[in-house]
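Below you'll find the structure, written out as structure tokens, and then a few comments.
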Amino acid sequence: MKNSIKVERAKKNITQADLAILAKVSRQTINAMELGKYVPSTVLSLRLAQIFEVEVSQIFTLEESDWN
Amino acid sequence: MKLNYLFPNKYKKVGWLILIPSAIIGLITLYLDFEPNSLDFNVPAIFIEELLGDKHFFGIVNNNILNEILGALILFSSLLVAFSKEESEDEYISKIRLESLVWAVYFNYAVLLISFVLIFDLAFLWVMIFNMFTILLFFIIRFNWQISKLKKIAHYEE
């Protein structure tokens with residue numbers, strides 16, 4: 001699964017640490033998500049969408065490999 | 001996904017403060033076979049095997065309780081260290097915690113299996129003594145290693 005957290009973060013002009021505080025997770029988690037190492041739960045995805053003021057589907061995109 | 005059944009974060013430090021000295025003292029007393037007479041007591045037992053091989057349930061035995069005290073302290077403090085929340089215990093940390101636990105169980109049983117096949121008789125008693133603690137020990141090492149690796153990576157980015 002791809003995500004545009006880094007892009008959305010740039011639009012809002014906030015750091016990983018800022019986003020971590022807003023989303024109530026650790027900075028490592030934000031980092032791991034941006035690197036594609038961690039797929040967040042539905043709750044965290046919805047939190048991110050609310051913070052960025054976009055739909056969840058605008059942040060996260062399914063890839064072919066997600067069907068395997 | 002947040003894991004339940006975890007202690008508050010502050011107990012991790014308490015755990016380390018008890019674990020390190022009791023593990024050091026435990027290893028020394030084990031190595032020296034140290035059993036001070038002042039700690040010989042008649043204590044209740046659930047299962048007893050007499051020297052001549054007579055076995056029965058429930059009774060009183062005379063026992064040196066130093067190893068029981070140290071063993072209990074090590075187990076108790078290992079549990080605190082292993083299962084106290086991280087400062088920021090979020091869903092990703094929980095995932096790493098779970099993976100480390102699975103890894104520790106596999107690793108522990110791999111070591112136990114090898115020891116079981118290659119170590120015999122009374123020597124195997126040593127394996128059983130250490131195996132009481134190793135599953136938690138392997139978990140603590142693996143989990144904290146993963147977390148520290150994570151902190152380092154996050155530090156370099158941005």
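For the structure tokens, the naming scheme is as follows: chains receive sequential letters (A, B, ...) according to their order of presentation, residues are indexed from 1 within each chain, and ligands are indexed from 1 in presentation order.
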
Residues of chain A at most 9 Å from chain B: nearest atom pair and distance in Å, only C-alpha atoms, as JSON lines:
{"residue": "A:Thr15", "atom": "CA", "partner": "B:Glu158", "partner_atom": "CA", "distance": 7.8}
{"residue": "A:Gln16", "atom": "CA", "partner": "B:Glu158", "partner_atom": "CA", "distance": 7.4}
{"residue": "A:Lys24", "atom": "CA", "partner": "B:Asp90", "partner_atom": "CA", "distance": 8.1}
{"residue": "A:Val25", "atom": "CA", "partner": "B:Asp90", "partner_atom": "CA", "distance": 5.6}
{"residue": "A:Ser26", "atom": "CA", "partner": "B:Ser88", "partner_atom": "CA", "distance": 5.7}
{"residue": "A:Arg27", "atom": "CA", "partner": "B:Ala154", "partner_atom": "CA", "distance": 7.1}
{"residue": "A:Gln28", "atom": "CA", "partner": "B:Ala154", "partner_atom": "CA", "distance": 5.5}
{"residue": "A:Thr29", "atom": "CA", "partner": "B:Tyr92", "partner_atom": "CA", "distance": 5.9}
{"residue": "A:Ile30", "atom": "CA", "partner": "B:Ala154", "partner_atom": "CA", "distance": 8.9}
{"residue": "A:Asn31", "atom": "CA", "partner": "B:Ala154", "partner_atom": "CA", "distance": 6.1}
{"residue": "A:Ala32", "atom": "CA", "partner": "B:Ala154", "partner_atom": "CA", "distance": 8.1}
{"residue": "A:Tyr38", "atom": "CA", "partner": "B:Tyr92", "partner_atom": "CA", "distance": 7.2}
{"residue": "A:Val39", "atom": "CA", "partner": "B:Tyr92", "partner_atom": "CA", "distance": 8.8}
{"residue": "A:Pro40", "atom": "CA", "partner": "B:Tyr92", "partner_atom": "CA", "distance": 7.7}
{"residue": "A:Ser41", "atom": "CA", "partner": "B:Met1", "partner_atom": "CA", "distance": 6.8}
{"residue": "A:Val43", "atom": "CA", "partner": "B:Met1", "partner_atom": "CA", "distance": 9.0}
{"residue": "A:Leu44", "atom": "CA", "partner": "B:Glu91", "partner_atom": "CA", "distance": 8.7}

(request) Check the DSSP output for the backbone and give back, as a PyMOL selection string, the residues of region 33-141 of chain B in alpha helix (DSSP H). (result) chain B and resi 66-83+91-118+123-141

Atoms to include: C-alpha atoms. Write the selected residues as a PDB file, in the first residue's frame.
ATOM      1  CA  LEU B  66      17.731 -18.298  48.945  1.00  0.00           C
ATOM      2  CA  ASN B  67      17.283 -19.633  45.402  1.00  0.00           C
ATOM      3  CA  GLU B  68      13.495 -19.346  45.709  1.00  0.00           C
ATOM      4  CA  ILE B  69      13.768 -15.696  46.774  1.00  0.00           C
ATOM      5  CA  LEU B  70      16.232 -14.788  44.003  1.00  0.00           C
ATOM      6  CA  GLY B  71      14.364 -16.775  41.359  1.00  0.00           C
ATOM      7  CA  ALA B  72      11.062 -15.128  42.263  1.00  0.00           C
ATOM      8  CA  LEU B  73      12.668 -11.673  42.188  1.00  0.00           C
ATOM      9  CA  ILE B  74      14.189 -12.338  38.760  1.00  0.00           C
ATOM     10  CA  LEU B  75      10.911 -13.659  37.341  1.00  0.00           C
ATOM     11  CA  PHE B  76       8.861 -10.809  38.790  1.00  0.00           C
ATOM     12  CA  SER B  77      11.265  -8.093  37.628  1.00  0.00           C
ATOM     13  CA  SER B  78      11.717  -9.680  34.176  1.00  0.00           C
ATOM     14  CA  LEU B  79       7.951  -9.548  33.722  1.00  0.00           C
ATOM     15  CA  LEU B  80       7.966  -5.850  34.660  1.00  0.00           C
ATOM     16  CA  VAL B  81      10.788  -5.075  32.224  1.00  0.00           C
ATOM     17  CA  ALA B  82       9.232  -7.134  29.440  1.00  0.00           C
ATOM     18  CA  PHE B  83       5.642  -6.016  29.790  1.00  0.00           C
ATOM     19  CA  GLU B  91       0.029   0.460  17.584  1.00  0.00           C
ATOM     20  CA  TYR B  92       3.356   0.162  15.764  1.00  0.00           C
ATOM     21  CA  ILE B  93       5.245  -0.493  19.010  1.00  0.00           C
ATOM     22  CA  SER B  94       2.596  -3.101  19.885  1.00  0.00           C
ATOM     23  CA  LYS B  95       3.220  -4.816  16.560  1.00  0.00           C
ATOM     24  CA  ILE B  96       6.954  -4.926  17.251  1.00  0.00           C
ATOM     25  CA  ARG B  97       6.224  -6.210  20.760  1.00  0.00           C
ATOM     26  CA  LEU B  98       4.099  -9.032  19.394  1.00  0.00           C
ATOM     27  CA  GLU B  99       6.643  -9.981  16.717  1.00  0.00           C
ATOM     28  CA  SER B 100       9.435  -9.989  19.284  1.00  0.00           C
ATOM     29  CA  LEU B 101       7.382 -12.248  21.540  1.00  0.00           C
ATOM     30  CA  VAL B 102       6.789 -14.750  18.737  1.00  0.00           C
ATOM     31  CA  TRP B 103      10.481 -14.620  17.858  1.00  0.00           C
ATOM     32  CA  ALA B 104      11.484 -15.163  21.510  1.00  0.00           C
ATOM     33  CA  VAL B 105       9.205 -18.210  21.857  1.00  0.00           C
ATOM     34  CA  TYR B 106      10.650 -19.795  18.687  1.00  0.00           C
ATOM     35  CA  PHE B 107      14.226 -19.023  19.702  1.00  0.00           C
ATOM     36  CA  ASN B 108      13.735 -20.253  23.254  1.00  0.00           C
ATOM     37  CA  TYR B 109      12.254 -23.564  22.091  1.00  0.00           C
ATOM     38  CA  ALA B 110      14.973 -23.998  19.469  1.00  0.00           C
ATOM     39  CA  VAL B 111      17.599 -23.629  22.195  1.00  0.00           C
ATOM     40  CA  LEU B 112      15.609 -25.912  24.508  1.00  0.00           C
ATOM     41  CA  LEU B 113      15.202 -28.571  21.829  1.00  0.00           C
ATOM     42  CA  ILE B 114      18.925 -28.603  21.052  1.00  0.00           C
ATOM     43  CA  SER B 115      19.736 -28.785  24.778  1.00  0.00           C
ATOM     44  CA  PHE B 116      17.135 -31.508  25.331  1.00  0.00           C
ATOM     45  CA  VAL B 117      18.694 -33.716  22.660  1.00  0.00           C
ATOM     46  CA  LEU B 118      22.339 -33.038  23.538  1.00  0.00           C
ATOM     47  CA  ALA B 123      23.487 -31.693  33.580  1.00  0.00           C
ATOM     48  CA  PHE B 124      20.029 -31.105  32.116  1.00  0.00           C
ATOM     49  CA  LEU B 125      18.979 -29.612  35.449  1.00  0.00           C
ATOM     50  CA  TRP B 126      21.106 -26.581  34.508  1.00  0.00           C
ATOM     51  CA  VAL B 127      19.178 -26.238  31.267  1.00  0.00           C
ATOM     52  CA  MET B 128      15.896 -26.303  33.182  1.00  0.00           C
ATOM     53  CA  ILE B 129      17.095 -23.699  35.656  1.00  0.00           C
ATOM     54  CA  PHE B 130      18.160 -21.282  32.909  1.00  0.00           C
ATOM     55  CA  ASN B 131      15.140 -22.064  30.770  1.00  0.00           C
ATOM     56  CA  MET B 132      12.881 -20.706  33.519  1.00  0.00           C
ATOM     57  CA  PHE B 133      14.159 -17.241  32.640  1.00  0.00           C
ATOM     58  CA  THR B 134      15.387 -17.362  29.044  1.00  0.00           C
ATOM     59  CA  ILE B 135      12.071 -16.881  27.251  1.00  0.00           C
ATOM     60  CA  LEU B 136      11.611 -13.503  28.961  1.00  0.00           C
ATOM     61  CA  LEU B 137      15.291 -12.697  28.570  1.00  0.00           C
ATOM     62  CA  PHE B 138      15.256 -13.382  24.799  1.00  0.00           C
ATOM     63  CA  PHE B 139      12.104 -11.286  24.467  1.00  0.00           C
ATOM     64  CA  ILE B 140      13.598  -8.368  26.424  1.00  0.00           C
ATOM     65  CA  ILE B 141      16.785  -8.399  24.321  1.00  0.00           C
TER      66      ILE B 141
END

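Interatomic distance, CA of Ser45 (chain A) to CA of Thr61 (chain A): 11.9 Å.
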
(request) Could you jot down the CA of Ser4 (chain A) to CA of Ile51 (chain A) separation for me, Å, one decimal place? (result) 13.4 Å

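The closest residue to Phe52 (chain A), picked from A:Leu35, A:Ile14, A:Glu8, A:Ala20 and counting only C-alpha atoms, is A:Glu8.
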
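Relative to CA of Met33 (chain A), CA of Val56 (chain A) is found at 14.2 Å.
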
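The shortest atom-to-atom distance to Arg47 (chain A), with only C-alpha atoms taken into account, belongs to A:Ala23 out of A:Val7, A:Leu62, A:Ala23, A:Ala17.
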
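Each of B:Asp121, B:Leu19, B:Gln146, B:Val61 was checked against Phe41 (chain B) using only C-alpha atoms; the smallest atom-to-atom distance is that of B:Val61.
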
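These are the residues of chain A assigned strand (DSSP E or B) by DSSP from backbone coordinates: Lys2, Asn3, Phe60 and Thr61 of chain A.
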